[in-house]
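S.K.: This is the structure I have questions about; it appears just below.
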Amino acid sequence: MFADTKATMIKANKLGNNRVNRLLSQSLFLISTAGNDFLAFGDGRATRSDASAYIAKMVTTYLKHIKELYRLGARRLGLLDALPIGCLPGCRTSFGHDDACDAAANSLARRFNALLRLEMASAKAASMPGMEYSIASIYGIFSDMITNPELDN
């Protein structure tokens with residue numbers, strides 16, 4: 001997908017491969033996760049091992065895309081971790097938690113976030129020299145806003 005974008009940049013702008021590579025290496029790529037992927041397990045019926053395997057697969061797929069961006073020239077990434085999906089209104093009402101966040105769904109997001117941090121550090125060290133990245137804790141930001149709404153001006 002991004003390979004097509006890069007090819008279009010090279011063709012359309014007549015910048016040449018070297019200039020496009022330099023531009024990409026200096027650009028910031030902002031990437032977020034799709035929280036909807038967790039909803040398959042948010043109702044609490046899946047076993048912990050099923051959920052663990054699914055989370056591992058999600059992180060593996062996520063890293064595959066990161067490595068492809070790296071191969072295409074991306075060197076700076078801003079990653080947003082998964083938010084507390086169990087606190088989204090749709091999740092709360094779907095799983096019968098009108099008065100509180102769904103703990104099972106939030107647990108999945110926390111587990112994904114922890115594994116993402118671990119695997120991203122490992123992948124960078126092993127196969128992505130020159131990569132700079134930061135993972136913003138959207139989970140933490142949203143949790144703080146939900147827990148302490150009076151602090152959010």
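Ordering of the structure tokens sets the chain letters (A, B, ...), residue numbers begin anew at 1 in every chain, and ligands are numbered from 1 in the order given.
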Taking the DSSP secondary structure from the backbone, can you list the residues of region 17-120 of chain A that are strand (DSSP E), as a PyMOL selection string?
M.R.: chain A and resi 28-32+76-80
S.K.: Would you list the contacts of Tyr70 (chain A) as a PyMOL selection string, taking every protein, DNA or RNA residue within 12 Å and counting only C-alpha atoms, but skipping same-chain residues closer than 3 positions in sequence?
M.R.: chain A and resi 2-3+21+24-25+27-29+63-67+73-77+123-124+127-133
S.K.: Using only C-alpha atoms, which residue out of A:Cys101, A:Leu39, A:Ala7, A:Ala121 lies closest to Ile135 (chain A)?
M.R.: A:Ala121
S.K.: If you measure from CA of Arg111 (chain A) to CA of Pro84 (chain A), what distance in Å do you get, rounded to one decimal?
M.R.: 11.1 Å
S.K.: Excluding same-chain residues fewer than 4 positions from region 137-152 of chain A, what lies within 9 Å of it counting only C-alpha atoms, as JSON, numbers by chain?
M.R.: {"A": [79, 80, 81, 82, 83, 84, 85, 87, 109, 110, 113]}
S.K.: Would you mind exporting the chosen residues as a CSV table (one decimal), in the first residue's frame, restricted to C-alpha atoms?
M.R.:
chain,number,residue,atom,x,y,z
A,79,LEU,CA,2.9,5.1,17.6
A,80,LEU,CA,-0.3,5.4,19.5
A,81,ASP,CA,-1.1,2.5,21.7
A,82,ALA,CA,-4.6,1.0,22.0
A,83,LEU,CA,-7.1,3.0,24.0
A,84,PRO,CA,-9.3,1.6,26.8
A,85,ILE,CA,-11.9,0.2,24.4
A,87,CYS,CA,-14.8,2.5,28.1
A,109,ALA,CA,-5.9,-3.4,25.2
A,110,ARG,CA,-3.5,-3.3,28.1
A,113,ASN,CA,0.1,-2.4,24.6
S.K.: So how many Å separate CA of Leu116 (chain A) and CA of Ala56 (chain A), to one decimal?
M.R.: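 Pair CA of Leu116 (chain A) / CA of Ala56 (chain A) returns 8.9 Å.
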S.K.: So which one's closest to Asn36 (chain A), A:Glu68, A:Leu108, A:Arg19, A:Thr5? Using only C-alpha atoms, please.
M.R.: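 Nearest to Asn36 (chain A): A:Leu108.
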S.K.: Rounded to one decimal in Å, what is the spacing between CA of Met1 (chain A) and CA of Leu72 (chain A)?
M.R.: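 Here the two named atoms are 10.8 Å from each other.
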S.K.: Considering only C-alpha atoms, can you say which of A:Leu30, A:Asn17, A:Asp99, A:Ala12 comes closest to Leu69 (chain A)?
M.R.: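 The shortest atom-to-atom distance to Leu69 (chain A) comes from A:Leu30.
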